[in-house]
>>> print(open('upload-v1.txt').read())   # compact mmCIF, C-alpha atoms
# COMPACT_ATOMS: atom_id res chain seq x y z
CA MET I 133 0.00 0.00 0.00
CA VAL I 134 1.31 3.44 -0.93
CA LEU I 135 0.79 6.06 1.77
CA VAL I 136 0.33 9.69 0.87
CA PRO I 137 2.64 11.91 2.94
CA GLY I 138 0.80 13.18 5.97
CA SER I 139 -1.86 10.46 5.75
CA SER I 140 -2.36 7.50 8.08
CA SER I 141 -4.06 4.15 7.76
CA VAL I 142 -5.01 4.28 11.45
CA PRO I 143 -8.60 5.53 11.96
CA THR I 144 -8.81 8.83 13.80
CA PRO I 145 -11.29 9.36 16.65
CA ARG I 146 -13.32 11.53 14.30
CA SER I 147 -13.44 8.89 11.55
CA ARG I 148 -14.35 6.19 14.08
CA ALA I 149 -17.13 8.37 15.46
CA LYS I 150 -18.44 8.96 11.94
CA ALA I 151 -18.37 5.23 11.18
CA ASP I 152 -20.16 4.48 14.45
CA ARG I 153 -22.85 7.05 13.70
CA ARG I 154 -23.32 5.58 10.22
CA GLN I 155 -23.80 2.10 11.69
CA ALA I 156 -26.20 3.51 14.28
CA LEU I 157 -28.25 5.06 11.49
CA LEU I 158 -28.36 1.77 9.60
CA GLY I 159 -29.47 -0.06 12.73
CA ALA I 160 -32.18 2.52 13.35
CA ALA I 161 -33.26 2.34 9.72
CA ALA I 162 -33.62 -1.43 9.91
CA ALA I 163 -35.82 -1.16 13.00
CA LEU I 164 -37.94 1.72 11.67
CA PHE I 165 -38.36 0.30 8.15
CA ALA I 166 -39.28 -3.11 9.63
CA ARG I 167 -41.91 -1.50 11.86
CA SER I 168 -43.38 1.14 9.59
CA GLY I 169 -42.23 0.29 6.08
CA TYR I 170 -39.75 2.26 3.99
CA ASN I 171 -42.41 4.71 2.83
CA GLY I 172 -43.63 5.27 6.38
CA VAL I 173 -40.29 6.58 7.67
CA SER I 174 -38.81 10.04 7.09
CA ILE I 175 -35.27 11.34 7.26
CA GLU I 176 -36.32 13.21 10.39
CA ASP I 177 -37.46 9.92 11.94
CA LEU I 178 -34.07 8.37 11.20
CA GLY I 179 -32.19 11.27 12.72
CA ALA I 180 -34.38 11.36 15.82
CA ALA I 181 -33.79 7.63 16.40
CA VAL I 182 -30.05 8.25 16.89
CA GLY I 183 -30.32 11.65 18.53
CA VAL I 184 -29.50 13.95 15.61
CA SER I 185 -31.50 16.27 13.38
CA GLY I 186 -32.84 15.11 10.04
CA PRO I 187 -30.38 17.23 8.03
CA ALA I 188 -27.47 15.66 9.96
CA VAL I 189 -28.30 12.33 8.30
CA TYR I 190 -27.09 13.83 5.00
CA ARG I 191 -23.55 13.87 6.37
CA HIS I 192 -23.62 10.09 6.02
CA PHE I 193 -26.12 9.36 3.24
CA SER I 194 -27.34 11.30 0.22
CA GLY I 195 -30.93 10.56 1.14
CA LYS I 196 -33.36 7.88 2.29
CA PRO I 197 -32.87 5.73 -0.85
CA ALA I 198 -29.14 5.61 -0.08
CA VAL I 199 -29.90 4.40 3.45
CA LEU I 200 -32.04 1.54 2.13
CA ALA I 201 -29.40 0.68 -0.46
CA ALA I 202 -26.61 0.60 2.11
CA LEU I 203 -28.68 -1.55 4.44
CA LEU I 204 -29.61 -4.21 1.87
CA VAL I 205 -26.46 -4.20 -0.29
CA GLU I 206 -24.11 -4.38 2.67
CA VAL I 207 -25.97 -7.23 4.35
CA SER I 208 -25.97 -9.15 1.05
CA GLU I 209 -22.24 -8.61 0.72
CA THR I 210 -21.79 -9.82 4.30
CA LEU I 211 -23.74 -13.00 3.58
CA VAL I 212 -21.64 -13.82 0.53
CA ALA I 213 -18.31 -13.10 2.24
CA GLY I 214 -19.30 -14.91 5.42
CA GLY I 215 -20.63 -17.91 3.55
CA GLN I 216 -17.45 -18.21 1.52
CA ALA I 217 -15.35 -17.98 4.69
CA VAL I 218 -17.16 -20.77 6.53
CA VAL I 219 -16.99 -23.04 3.48
CA GLU I 220 -13.27 -22.44 3.08
CA GLY I 221 -12.73 -23.20 6.75
CA ALA I 222 -14.65 -26.48 6.74
CA PRO I 223 -12.81 -29.84 6.62
CA ASP I 224 -15.13 -31.40 4.04
CA ALA I 225 -18.41 -30.86 2.16
CA ALA I 226 -20.60 -32.20 4.96
CA GLY I 227 -18.86 -29.93 7.43
CA ALA I 228 -19.24 -27.00 5.06
CA LEU I 229 -22.98 -27.60 4.80
CA ARG I 230 -23.38 -27.72 8.58
CA ALA I 231 -21.30 -24.56 8.87
CA LEU I 232 -23.49 -22.78 6.31
CA VAL I 233 -26.60 -23.75 8.26
CA ARG I 234 -25.10 -22.42 11.50
CA PHE I 235 -23.95 -19.26 9.73
CA HIS I 236 -27.35 -18.51 8.19
CA THR I 237 -29.16 -19.34 11.42
CA ASP I 238 -26.94 -16.82 13.19
CA PHE I 239 -27.80 -14.26 10.53
CA ALA I 240 -31.55 -14.88 10.80
CA LEU I 241 -31.53 -14.63 14.58
CA SER I 242 -29.29 -11.53 14.61
CA HIS I 243 -30.92 -9.54 11.79
CA PRO I 244 -34.70 -10.08 11.95
CA ASN I 245 -35.38 -6.44 11.06
CA VAL I 246 -33.21 -6.60 7.95
CA ILE I 247 -35.03 -9.75 6.82
CA ARG I 248 -38.38 -7.99 7.21
CA VAL I 249 -37.12 -4.97 5.26
CA GLN I 250 -35.73 -7.09 2.45
CA ASP I 251 -38.95 -9.08 2.17
CA ARG I 252 -41.12 -5.99 2.03
CA ASP I 253 -39.05 -3.14 0.62
CA LEU I 254 -36.60 -4.65 -1.88
CA ASP I 255 -38.64 -3.19 -4.75
CA SER I 256 -38.19 0.29 -3.27
CA LEU I 257 -34.49 0.18 -4.20
CA ALA I 258 -33.23 2.02 -7.25
CA PRO I 259 -32.86 -0.39 -10.22
CA ALA I 260 -29.06 -0.53 -10.03
CA ASP I 261 -29.10 -1.25 -6.29
CA ARG I 262 -31.83 -3.85 -6.67
CA HIS I 263 -29.79 -5.55 -9.41
CA ARG I 264 -26.74 -5.57 -7.11
CA VAL I 265 -28.70 -7.19 -4.30
CA ARG I 266 -30.21 -9.78 -6.65
CA THR I 267 -26.76 -10.61 -8.04
CA LEU I 268 -25.35 -11.08 -4.55
CA GLN I 269 -28.33 -13.22 -3.58
CA ARG I 270 -27.75 -15.49 -6.59
CA THR I 271 -24.07 -15.77 -5.70
CA TYR I 272 -25.01 -16.81 -2.16
CA VAL I 273 -27.52 -19.39 -3.38
CA GLU I 274 -25.00 -20.89 -5.79
CA LEU I 275 -22.48 -21.20 -2.97
CA TRP I 276 -24.96 -23.44 -1.16
CA VAL I 277 -25.77 -25.35 -4.35
CA ARG I 278 -22.10 -26.12 -4.97
CA VAL I 279 -21.69 -27.51 -1.45
CA LEU I 280 -24.94 -29.47 -1.73
CA GLY I 281 -23.71 -30.89 -5.04
CA GLN I 282 -20.66 -32.28 -3.27
CA VAL I 283 -22.81 -33.81 -0.52
CA HIS I 284 -25.45 -35.13 -2.95
CA PRO I 285 -23.66 -35.66 -6.31
CA GLU I 286 -26.53 -37.85 -7.51
CA VAL I 287 -29.07 -34.99 -7.33
CA GLU I 288 -29.41 -32.48 -10.18
CA ALA I 289 -28.52 -28.87 -9.50
CA GLN I 290 -32.04 -27.52 -9.98
CA LEU I 291 -33.41 -29.74 -7.22
CA LEU I 292 -30.54 -28.76 -4.95
CA ARG I 293 -31.32 -25.11 -5.65
CA ILE I 294 -34.93 -25.72 -4.57
CA ARG I 295 -33.68 -27.31 -1.35
CA ALA I 296 -31.46 -24.31 -0.66
CA GLN I 297 -34.25 -21.82 -1.32
CA ALA I 298 -36.65 -23.77 0.88
CA THR I 299 -34.06 -23.74 3.66
CA PHE I 300 -33.70 -19.97 3.40
CA GLY I 301 -37.47 -19.68 3.66
CA LEU I 302 -37.45 -21.80 6.80
CA LEU I 303 -34.60 -19.93 8.48
CA ASN I 304 -35.75 -16.47 7.41
CA SER I 305 -39.20 -17.09 8.87
CA THR I 306 -37.58 -16.54 12.28
CA PRO I 307 -38.72 -12.88 12.57
CA HIS I 308 -42.32 -14.10 12.48
CA THR I 309 -41.84 -16.76 15.20
CA LEU I 310 -39.33 -15.23 17.61
CA PRO I 311 -41.76 -12.96 19.51
CA ALA I 312 -43.30 -16.09 21.01
CA SER I 313 -40.10 -18.14 21.36
CA PRO I 314 -36.71 -17.36 22.93
CA SER I 315 -33.81 -17.63 20.47
CA GLY I 316 -32.08 -20.21 22.66
CA ALA I 317 -34.96 -22.61 22.02
CA VAL I 318 -35.35 -21.69 18.37
CA ARG I 319 -31.73 -22.09 17.24
CA PRO I 320 -31.30 -25.87 17.65
CA LEU I 321 -34.75 -26.49 16.21
CA LEU I 322 -34.04 -24.35 13.15
CA GLU I 323 -30.68 -26.00 12.55
CA GLU I 324 -32.17 -29.49 12.90
CA MET I 325 -35.01 -28.71 10.49
CA ALA I 326 -32.69 -27.03 7.99
CA LEU I 327 -30.30 -29.97 7.91
CA ALA I 328 -33.25 -32.34 7.44
CA ALA I 329 -34.56 -30.24 4.54
CA LEU I 330 -31.12 -30.38 2.95
CA GLY I 331 -30.89 -34.14 3.33
CA ALA I 332 -28.12 -33.86 5.90
CA ALA I 333 -29.86 -34.66 9.15
CA GLN I 334 -27.56 -34.94 12.16
>>> encode(input="upload-v1.txt", output="structure tokens")
Amino acid sequence: MVLVPGSSSVPTPRSRAKADRRQALLGAAAALFARSGYNGVSIEDLGAAVGVSGPAVYRHFSGKPAVLAALLVEVSETLVAGGQAVVEGAPDAAGALRALVRFHTDFALSHPNVIRVQDRDLDSLAPADRHRVRTLQRTYVELWVRVLGQVHPEVEAQLLRIRAQATFGLLNSTPHTLPASPSGAVRPLLEEMALAALGAAQ
């Protein structure tokens, strides 16, 4: 890496504070969009949720569409990168599949608001951002299909893709069931059901 004289790769307190405020805004956006819908939330609502004025939000995002784009694109990128990492770290295909199930279960339990927003407000994204999210989603699905193909080489890819999509549906339904069930009870049940759906029961 080439450093420009006078520059530093170490984050300054100011840059860290700005990054923290940006993440706080994204967290608030996920909660507000999940509760009220993208169209039911204003920039002023977002600012108020993190203790700043509406105009202060523009220091971090160009507008509400940019907030939605950052929320959904970044979480899709995280899924792809995280999925690839757990597969690369697994000892074999069966281990990789179990690791993917654990990874996605963690995501579903940790990001219920984002799941709600993606289900309901994906079409509110600008076309280019929606295309980016869809592309990342396909990449993530195909990661699962490749692993499933190694576990079940006798099954055609299209059927494996259906299994993967059905598993996502099962795991992503968590936001609708968690209010009545503690996550500690839900996690092992979800993982067991997902592995069974994938033909890899424990």
>>> closest_residue(input="upload-v1.txt", among="I:Phe239, I:Val184, I:Leu158, I:Ser168", to="Ala202 in chain I", atoms="only C-alpha atoms")
I:Leu158
>>> closest_residue(input="upload-v1.txt", among="I:Phe165, I:Tyr272, I:Phe193, I:Tyr170", to="Ala217 in chain I", atoms="all atoms listed in the file")
I:Tyr272
>>> atom_distance(input="upload-v1.txt", atom1="CA of Glu324 in chain I", atom2="CA of Gln250 in chain I")
25.0 Å
>>> closest_residue(input="upload-v1.txt", among="I:Ala258, I:Leu229, I:Val279, I:Val246", to="Ala163 in chain I", atoms="all atoms listed in the file")
I:Val246
>>> axis_aligned_box(input="upload-v1.txt", around="range 182-199 of chain I", padding_each_side="5 Å", output="JSON")
{"center_x": -28.5, "center_y": 10.8, "center_z": 8.8, "size_x": 19.8, "size_y": 22.8, "size_z": 29.4}
>>> closest_residue(input="upload-v1.txt", among="I:Gly301, I:Gly186, I:Pro145, I:Pro197", to="Asn171 in chain I", atoms="only C-alpha atoms")
I:Pro197
>>> residues_around(input="upload-v1.txt", residues="Ser174 in chain I", least_positions_apart="2", cutoff="10 Å", atoms="all atoms listed in the file", output="list in words")
Ala161, Leu164, Phe165, Tyr170, Asn171, Gly172, Glu176, Asp177, Leu178, Gly179, Ala180, Gly186, Gly195 and Lys196 of chain I
>>> residues_around(input="upload-v1.txt", residues="Arg248 in chain I", least_positions_apart="4", cutoff="9 Å", atoms="all atoms listed in the file", output="PyMOL selection string")
chain I and resi 162+165-167+243-244+252-253+304+307-308
>>> residues_near_point(input="upload-v1.txt", point="(-29.1, -0.4, -6.4)", cutoff="10 Å", atoms="all atoms listed in the file", output="list in words")
Pro197, Ala198, Leu200, Ala201, Ala202, Leu204, Val205, Leu254, Ser256, Leu257, Ala258, Pro259, Ala260, Asp261, Arg262, His263, Arg264, Val265 and Arg266 of chain I
>>> write_last_selection(input="upload-v1.txt", atoms="C-alpha atoms", output="compact mmCIF listing (two decimals), in the frame of the given file")
# COMPACT_ATOMS: atom_id res chain seq x y z
CA PRO I 197 -32.87 5.73 -0.85
CA ALA I 198 -29.14 5.61 -0.08
CA LEU I 200 -32.04 1.54 2.13
CA ALA I 201 -29.40 0.68 -0.46
CA ALA I 202 -26.61 0.60 2.11
CA LEU I 204 -29.61 -4.21 1.87
CA VAL I 205 -26.46 -4.20 -0.29
CA LEU I 254 -36.60 -4.65 -1.88
CA SER I 256 -38.19 0.29 -3.27
CA LEU I 257 -34.49 0.18 -4.20
CA ALA I 258 -33.23 2.02 -7.25
CA PRO I 259 -32.86 -0.39 -10.22
CA ALA I 260 -29.06 -0.53 -10.03
CA ASP I 261 -29.10 -1.25 -6.29
CA ARG I 262 -31.83 -3.85 -6.67
CA HIS I 263 -29.79 -5.55 -9.41
CA ARG I 264 -26.74 -5.57 -7.11
CA VAL I 265 -28.70 -7.19 -4.30
CA ARG I 266 -30.21 -9.78 -6.65
>>> closest_residue(input="upload-v1.txt", among="I:Arg278, I:Arg319, I:His284, I:Arg191", to="His236 in chain I", atoms="only C-alpha atoms")
I:Arg319
>>> residues_around(input="upload-v1.txt", residues="Leu292 in chain I", least_positions_apart="2", cutoff="9 Å", atoms="only C-alpha atoms", output="ChimeraX atom specification")
/I:276-278,280-281,284,287-290,294-297,330
>>> atom_distance(input="upload-v1.txt", atom1="CA of Leu291 in chain I", atom2="CA of Gly331 in chain I")
11.7 Å
>>> atom_distance(input="upload-v1.txt", atom1="CA of Leu157 in chain I", atom2="CA of Val207 in chain I")
14.4 Å
>>> decode(input="upload-v1.txt", residues="range 269-289 of chain I", atoms="N, CA, C and O atoms", output="short mmCIF file (atom, residue, chain, number, x, y, z; two decimals), in the first residue's frame")
data_model
loop_
_atom_site.label_atom_id
_atom_site.label_comp_id
_atom_site.auth_asym_id
_atom_site.auth_seq_id
_atom_site.Cartn_x
_atom_site.Cartn_y
_atom_site.Cartn_z
N GLN I 269 -27.48 -12.13 -4.05
CA GLN I 269 -28.33 -13.22 -3.58
C GLN I 269 -28.09 -14.48 -4.41
O GLN I 269 -28.00 -15.59 -3.87
N ARG I 270 -28.00 -14.33 -5.73
CA ARG I 270 -27.75 -15.49 -6.59
C ARG I 270 -26.39 -16.11 -6.29
O ARG I 270 -26.25 -17.34 -6.28
N THR I 271 -25.40 -15.26 -6.04
CA THR I 271 -24.07 -15.77 -5.70
C THR I 271 -24.12 -16.59 -4.41
O THR I 271 -23.50 -17.66 -4.31
N TYR I 272 -24.88 -16.11 -3.45
CA TYR I 272 -25.01 -16.81 -2.16
C TYR I 272 -25.73 -18.14 -2.35
O TYR I 272 -25.31 -19.17 -1.81
N VAL I 273 -26.79 -18.14 -3.12
CA VAL I 273 -27.52 -19.39 -3.38
C VAL I 273 -26.60 -20.40 -4.06
O VAL I 273 -26.57 -21.59 -3.68
N GLU I 274 -25.86 -19.96 -5.06
CA GLU I 274 -25.00 -20.89 -5.79
C GLU I 274 -23.88 -21.44 -4.93
O GLU I 274 -23.40 -22.56 -5.16
N LEU I 275 -23.45 -20.68 -3.92
CA LEU I 275 -22.48 -21.20 -2.97
C LEU I 275 -23.06 -22.42 -2.25
O LEU I 275 -22.39 -23.45 -2.11
N TRP I 276 -24.28 -22.31 -1.81
CA TRP I 276 -24.96 -23.44 -1.16
C TRP I 276 -25.14 -24.60 -2.14
O TRP I 276 -24.95 -25.76 -1.77
N VAL I 277 -25.52 -24.29 -3.36
CA VAL I 277 -25.77 -25.35 -4.35
C VAL I 277 -24.49 -26.12 -4.64
O VAL I 277 -24.51 -27.35 -4.78
N ARG I 278 -23.37 -25.43 -4.72
CA ARG I 278 -22.10 -26.12 -4.97
C ARG I 278 -21.77 -27.09 -3.83
O ARG I 278 -21.34 -28.22 -4.07
N VAL I 279 -21.96 -26.64 -2.59
CA VAL I 279 -21.69 -27.51 -1.45
C VAL I 279 -22.67 -28.68 -1.44
O VAL I 279 -22.28 -29.84 -1.23
N LEU I 280 -23.95 -28.40 -1.68
CA LEU I 280 -24.94 -29.47 -1.73
C LEU I 280 -24.60 -30.48 -2.83
O LEU I 280 -24.82 -31.69 -2.66
N GLY I 281 -24.08 -30.00 -3.94
CA GLY I 281 -23.71 -30.89 -5.04
C GLY I 281 -22.59 -31.84 -4.65
O GLY I 281 -22.52 -32.97 -5.16
N GLN I 282 -21.73 -31.40 -3.75
CA GLN I 282 -20.66 -32.28 -3.27
C GLN I 282 -21.20 -33.30 -2.27
O GLN I 282 -20.72 -34.43 -2.20
N VAL I 283 -22.20 -32.90 -1.49
CA VAL I 283 -22.81 -33.81 -0.52
C VAL I 283 -23.75 -34.79 -1.21
O VAL I 283 -23.82 -35.97 -0.83
N HIS I 284 -24.47 -34.31 -2.22
CA HIS I 284 -25.45 -35.13 -2.95
C HIS I 284 -25.12 -35.10 -4.45
O HIS I 284 -25.87 -34.49 -5.24
N PRO I 285 -24.04 -35.72 -4.88
CA PRO I 285 -23.66 -35.66 -6.31
C PRO I 285 -24.68 -36.32 -7.24
O PRO I 285 -24.66 -36.06 -8.45
N GLU I 286 -25.55 -37.15 -6.68
CA GLU I 286 -26.53 -37.85 -7.51
C GLU I 286 -27.76 -36.99 -7.82
O GLU I 286 -28.60 -37.37 -8.66
N VAL I 287 -27.88 -35.84 -7.18
CA VAL I 287 -29.07 -34.99 -7.33
C VAL I 287 -28.75 -33.84 -8.28
O VAL I 287 -27.70 -33.21 -8.18
N GLU I 288 -29.66 -33.55 -9.20
CA GLU I 288 -29.41 -32.48 -10.18
C GLU I 288 -29.45 -31.11 -9.51
O GLU I 288 -30.12 -30.91 -8.49
N ALA I 289 -28.72 -30.19 -10.11
CA ALA I 289 -28.52 -28.87 -9.50
C ALA I 289 -29.83 -28.13 -9.25
O ALA I 289 -29.97 -27.45 -8.23
#
